2 protein chains.
Amino acid sequence: MTIGELAAGSGLRPSAIRFYEKAGLLSAPARRNGRRVYASEATHRLFLIGFAKDTGFSLPEIKLLLHGFPESTTAGDRWRKLATSKIQQLEASIKKARAMEGMLRSIMKCRCTTIDQCARGLATCMQKRRTSSS
Amino acid sequence: MTIGELAAGSGLRPSAIRFYEKAGLLSAPARRNGRRVYASEATHRLFLIGFAKDTGFSLPEIKLLLHGFPESTTAGDRWRKLATSKIQQLEASIKKARAMEGMLRSIMKCRCTTIDQCARGLATCMQKRRTSSS
DNA sequence: GTAGAAGTTAAAGCTGACTTTAAGTCAAGC
DNA sequence: GCTTGACTTAAAGTCAGCTTTAACTTCTAC
C-alpha cells in the first residue's frame, strides 16, 4: 500500500500520516525506491489512533498508550490506566459546560438596555455573591 | 487608572488589555504623555468580557456582542440572540463528551493482550457496526 | 540627577495538530 | 521521451489568545 492508498482508506491526508510517523505514533514502514510501503496492519493502527483521538486523547497521550508501558503490560491494562483519568477530565468538562449553560440561561433574562449597564450590573452582582459567600 | 492598576483590578495582564484594545473589544482610552489612562468603567467592561469568555464566547463573538448590533438593540436582546446558539453548542459538546465517556467505559473492559490485537478488534467491531446499521 | 519600575510599540513566540510550500525524485500512461 | 501525478524532505504557515522580546520613553523615589 502506498501512503496515498493508506490515507484514502483511513480518511486521513498523507501529510497527517507522515506527521504521526514523525511524532512516534506510527513506526516507519518499509521503503521501495524511497517511498513508504505499508502493510495492511497500518490501517488498523490508524483506526486505533483515530479511536483514541475521538475519545479525547492527545497525540502525546496516544504515544504513551502505544509505547509508554513495559512490553509486558496488556492493552487492557494500558487502556484502564489512561481511560480512568480521561473519564475524570471528561466529567470535569461536562460539569463546566453545564455551569456555562446555567450562566447563559441567566443572562438571557437580562433586561438591560445598554451593554455598559449590563456590565455594571454583572460586576456588582458577582461582587455581592463573592462577599456574601465568604 | 493606569493600565497596570486596571490589570491588577481585573486579574489580567497589561498585555491582555492592550490585546483586547487592538482586537476591538475595548475602546482606546485617553492618554496622558502617551500612556493609557482608564476610567473606572473599564473595570466593568473587562468584567463583562471575562464573563462572556467564561460562558464560552470567543473574542470575535464578544466583539459582536459589543459592537455587532444596531445601536438600538438592547443588551438583553443581544444576549438572547448570541446565547441561544451558544447554548446549543454547549449541549452538543456535552453530548459529545458523554459519547466519548461511553466509549472509554467500553474500552476499559478490553481483554486484549497487545495493542495490535486491540486495533484489529476495534476496526472489525466498528466496521460491523457500520455495515449492520446501513 | 539617576536608578529602577512601569509604560509604549511592532513583531515574534507559544501550544497542538496538522497543512502548505518549495524544491526535487519517481512512476505510469501515451 | 514526455507529461502528469504521486511521492520525498525540511521548513514555514495556520488558528486563538495571549505573552514575550527588543528597543525605547516616562514616572517615581531617593
# chains A, B, ... in the order shown; residues from 1 in each chain; ligands from 1
call {"tool": "interface_residues", "arguments": {"of": "chain C", "to": "chain B", "cutoff": "10 Å", "atoms": "only C-alpha atoms (C1' of nucleotides)", "output": "ChimeraX atom specification"}}
result
/C:6-8
call {"tool": "write_last_selection", "arguments": {"atoms": "C-alpha atoms (C1' of nucleotides)", "output": "PDB file, in the first residue's frame"}}
result
ATOM      1  C1'  DA C   6       6.251  50.704  34.627  1.00  0.00           C
ATOM      2  C1'  DG C   7       4.676  52.408  30.257  1.00  0.00           C
ATOM      3  C1'  DT C   8       4.989  52.452  24.805  1.00  0.00           C
TER       4       DT C   8
END
call {"tool": "residues_around", "arguments": {"residues": "DT20 (chain C)", "least_positions_apart": "5", "cutoff": "10 Å", "atoms": "only C-alpha atoms (C1' of nucleotides)", "output": "number ranges by chain"}}
result
A: 15; D: 12-14
call {"tool": "atom_distance", "arguments": {"atom1": "CA of Met1 (chain A)", "atom2": "CA of Val37 (chain A)"}}
result
5.4 Å
call {"tool": "residues_around", "arguments": {"residues": "Lys96 (chain A)", "least_positions_apart": "5", "cutoff": "10 Å", "atoms": "only C-alpha atoms (C1' of nucleotides)", "output": "list of chain:residue names"}}
result
A:Leu90, A:Glu91, A:Glu101, A:Gly102, B:Asp54, B:Thr55, B:Leu90, B:Ile94
call {"tool": "write_last_selection", "arguments": {"atoms": "C-alpha atoms", "output": "short mmCIF file (atom, residue, chain, number, x, y, z; two decimals), in the first residue's frame"}}
result
data_model
loop_
_atom_site.label_atom_id
_atom_site.label_comp_id
_atom_site.auth_asym_id
_atom_site.auth_seq_id
_atom_site.Cartn_x
_atom_site.Cartn_y
_atom_site.Cartn_z
CA LEU A 90 -14.42 14.49 30.61
CA GLU A 91 -16.69 14.67 33.63
CA GLU A 101 -25.05 26.81 30.23
CA GLY A 102 -26.61 27.86 33.53
CA ASP B 54 -16.27 32.12 30.90
CA THR B 55 -19.54 31.25 29.22
CA LEU B 90 -22.68 23.67 24.68
CA ILE B 94 -21.87 17.84 26.39
#
call {"tool": "residues_around", "arguments": {"residues": "Leu25 (chain B)", "least_positions_apart": "6", "cutoff": "10 Å", "atoms": "only C-alpha atoms (C1' of nucleotides)", "output": "list in words"}}
result
Ile17, Arg18, Phe19, Arg45, Leu46, Ile49, Leu59, Pro60, Glu61, Ile62, Lys63, Leu64, Leu65, Leu66 and His67 of chain B
call {"tool": "write_last_selection", "arguments": {"atoms": "N, CA and C atoms", "output": "compact mmCIF listing (two decimals), in the first residue's frame"}}
result
# COMPACT_ATOMS: atom_id res chain seq x y z
N ILE B 17 -4.84 43.37 28.14
CA ILE B 17 -5.69 44.55 27.96
C ILE B 17 -5.35 45.26 26.65
N ARG B 18 -4.05 45.40 26.38
CA ARG B 18 -3.65 46.00 25.10
C ARG B 18 -4.14 45.15 23.94
N PHE B 19 -4.06 43.84 24.13
CA PHE B 19 -4.53 42.92 23.09
C PHE B 19 -6.03 43.10 22.84
N ARG B 45 -16.24 46.83 32.06
CA ARG B 45 -16.13 46.28 30.71
C ARG B 45 -15.34 44.98 30.70
N LEU B 46 -14.22 45.02 31.42
CA LEU B 46 -13.37 43.83 31.48
C LEU B 46 -14.08 42.69 32.20
N ILE B 49 -16.37 41.18 29.70
CA ILE B 49 -15.61 40.36 28.76
C ILE B 49 -15.22 39.03 29.39
N LEU B 59 -13.35 35.70 21.33
CA LEU B 59 -13.18 37.15 21.26
C LEU B 59 -13.96 37.77 20.10
N PRO B 60 -13.95 37.17 18.90
CA PRO B 60 -14.78 37.73 17.83
C PRO B 60 -16.27 37.76 18.20
N GLU B 61 -16.72 36.75 18.92
CA GLU B 61 -18.12 36.72 19.33
C GLU B 61 -18.41 37.83 20.34
N ILE B 62 -17.47 38.06 21.22
CA ILE B 62 -17.65 39.12 22.22
C ILE B 62 -17.68 40.48 21.52
N LYS B 63 -16.82 40.60 20.52
CA LYS B 63 -16.83 41.84 19.74
C LYS B 63 -18.20 42.05 19.09
N LEU B 64 -18.76 40.96 18.61
CA LEU B 64 -20.10 41.01 18.02
C LEU B 64 -21.11 41.48 19.06
N LEU B 65 -21.04 40.90 20.24
CA LEU B 65 -21.94 41.29 21.33
C LEU B 65 -21.84 42.78 21.60
N LEU B 66 -20.61 43.28 21.62
CA LEU B 66 -20.40 44.69 21.99
C LEU B 66 -20.69 45.66 20.85
N HIS B 67 -20.29 45.29 19.65
CA HIS B 67 -20.36 46.27 18.55
C HIS B 67 -21.04 45.76 17.29
call {"tool": "closest_atom_pairs", "arguments": {"of": "chain B", "to": "chain A", "cutoff": "8 Å", "atoms": "only C-alpha atoms", "output": "CSV"}}
result
residue,atom,partner,partner_atom,distance
B:Glu41,CA,A:Arg120,CA,7.9
B:His44,CA,A:Ala119,CA,5.2
B:Arg45,CA,A:Ala119,CA,5.9
B:Phe47,CA,A:Ala123,CA,6.2
B:Leu48,CA,A:Ala119,CA,5.2
B:Asp54,CA,A:Met100,CA,6.9
B:Thr55,CA,A:Met100,CA,4.7
B:Gly56,CA,A:Met100,CA,7.0
B:Leu66,CA,A:Ile115,CA,7.0
B:Thr73,CA,A:Thr113,CA,7.9
B:Thr74,CA,A:Thr113,CA,4.5
B:Ala75,CA,A:Thr114,CA,5.1
B:Gly76,CA,A:Cys110,CA,4.7
B:Trp79,CA,A:Met108,CA,5.8
B:Arg80,CA,A:Met108,CA,5.0
B:Ala83,CA,A:Leu104,CA,6.0
B:Ile87,CA,A:Glu101,CA,5.9
B:Leu90,CA,A:Ala97,CA,6.2
B:Glu91,CA,A:Ala97,CA,8.0
B:Ser93,CA,A:Ala97,CA,7.9
B:Ile94,CA,A:Ile94,CA,5.6
B:Ala97,CA,A:Leu90,CA,6.2
B:Arg98,CA,A:Leu90,CA,7.8
B:Met100,CA,A:Thr55,CA,4.7
B:Glu101,CA,A:Ile87,CA,5.9
B:Met103,CA,A:Thr55,CA,6.8
B:Leu104,CA,A:Ala83,CA,6.0
B:Arg105,CA,A:Ala83,CA,7.7
B:Ile107,CA,A:Trp79,CA,6.8
B:Met108,CA,A:Arg80,CA,5.0
B:Lys109,CA,A:Gly76,CA,7.0
B:Cys110,CA,A:Gly76,CA,4.7
B:Arg111,CA,A:Gly76,CA,5.2
B:Cys112,CA,A:Ala75,CA,5.4
B:Thr113,CA,A:Thr74,CA,4.5
B:Thr114,CA,A:Ala75,CA,5.1
B:Ile115,CA,A:Ala75,CA,5.1
B:Asp116,CA,A:Arg45,CA,7.0
B:Cys118,CA,A:Ala75,CA,6.9
B:Ala119,CA,A:Leu48,CA,5.2
B:Arg120,CA,A:His44,CA,5.6
B:Leu122,CA,A:Leu48,CA,7.0
B:Ala123,CA,A:His44,CA,6.0
call {"tool": "interface_residues", "arguments": {"of": "chain D", "to": "chain A", "cutoff": "9 Å", "atoms": "only C-alpha atoms (C1' of nucleotides)", "output": "mmCIF file with C-alpha atoms (C1' of nucleotides), in the first residue's frame"}}
result
data_model
loop_
_atom_site.group_PDB
_atom_site.id
_atom_site.type_symbol
_atom_site.label_atom_id
_atom_site.label_comp_id
_atom_site.auth_asym_id
_atom_site.auth_seq_id
_atom_site.Cartn_x
_atom_site.Cartn_y
_atom_site.Cartn_z
ATOM 1 C "C1'" DA D 6 2.112 10.936 -6.546
ATOM 2 C "C1'" DC D 7 5.842 10.760 -3.692
ATOM 3 C "C1'" DT D 8 10.105 12.704 -0.822
#
call {"tool": "closest_residue", "arguments": {"among": "D:DC15, D:DT28, D:DT20, D:DA10", "to": "DA17 (chain C)", "atoms": "only C-alpha atoms (C1' of nucleotides)"}}
result
D:DC15
call {"tool": "select_by_dssp", "arguments": {"residues": "chain B", "states": "helix (DSSP H, G or I)", "output": "ChimeraX atom specification"}}
result
/B:3-10,14-23,41-54,59-67,75-107,115-133
call {"tool": "atom_distance", "arguments": {"atom1": "CA of Gln127 (chain B)", "atom2": "CA of Gly9 (chain A)"}}
result
12.6 Å
call {"tool": "select_by_dssp", "arguments": {"residues": "chain B", "states": "strand (DSSP E or B)", "output": "PyMOL selection string"}}
result
chain B and resi 30-32+35-37
call {"tool": "write_last_selection", "arguments": {"atoms": "C-alpha atoms", "output": "compact mmCIF listing (two decimals), in the first residue's frame"}}
result
# COMPACT_ATOMS: atom_id res chain seq x y z
CA ALA B 30 -7.47 58.72 26.91
CA ARG B 31 -3.72 59.21 27.01
CA ARG B 32 -1.54 61.22 29.29
CA ARG B 35 0.21 56.39 28.43
CA ARG B 36 -3.26 54.96 28.71
CA VAL B 37 -5.50 56.42 31.42
call {"tool": "atom_distance", "arguments": {"atom1": "CA of Tyr20 (chain B)", "atom2": "CA of Ala7 (chain B)"}}
result
12.0 Å
call {"tool": "residues_around", "arguments": {"residues": "DA12 (chain C)", "least_positions_apart": "6", "cutoff": "12 Å", "atoms": "only C-alpha atoms (C1' of nucleotides)", "output": "short mmCIF file (atom, residue, chain, number, x, y, z; two decimals) with N, CA and C atoms (P, O5', C5', C4', C3', O3' and C1' of nucleotides), in the first residue's frame"}}
result
data_model
loop_
_atom_site.label_atom_id
_atom_site.label_comp_id
_atom_site.auth_asym_id
_atom_site.auth_seq_id
_atom_site.Cartn_x
_atom_site.Cartn_y
_atom_site.Cartn_z
P DT D 19 -1.53 37.17 28.74
"O5'" DT D 19 -0.14 36.69 28.10
"C5'" DT D 19 0.23 35.32 28.15
"C4'" DT D 19 1.70 35.19 27.73
"C3'" DT D 19 2.68 36.07 28.50
"O3'" DT D 19 3.80 35.23 28.78
"C1'" DT D 19 2.88 36.51 26.20
P DT D 20 5.00 35.77 29.67
"O5'" DT D 20 6.13 36.07 28.58
"C5'" DT D 20 6.32 35.16 27.50
"C4'" DT D 20 7.38 35.73 26.54
"C3'" DT D 20 8.45 36.60 27.20
"O3'" DT D 20 9.70 36.12 26.73
"C1'" DT D 20 7.47 37.74 25.37
P DT D 21 11.08 36.71 27.24
"O5'" DT D 21 11.48 37.67 26.01
"C5'" DT D 21 11.43 37.16 24.69
"C4'" DT D 21 11.84 38.25 23.72
"C3'" DT D 21 12.93 39.19 24.23
"O3'" DT D 21 13.92 39.28 23.21
"C1'" DT D 21 11.10 40.43 23.44
P DA D 22 15.33 39.92 23.55
"O5'" DA D 22 15.26 41.26 22.70
"C5'" DA D 22 14.61 41.25 21.42
"C4'" DA D 22 14.58 42.66 20.87
"C3'" DA D 22 15.65 43.57 21.46
"O3'" DA D 22 16.08 44.45 20.43
"C1'" DA D 22 13.53 44.45 21.95
#
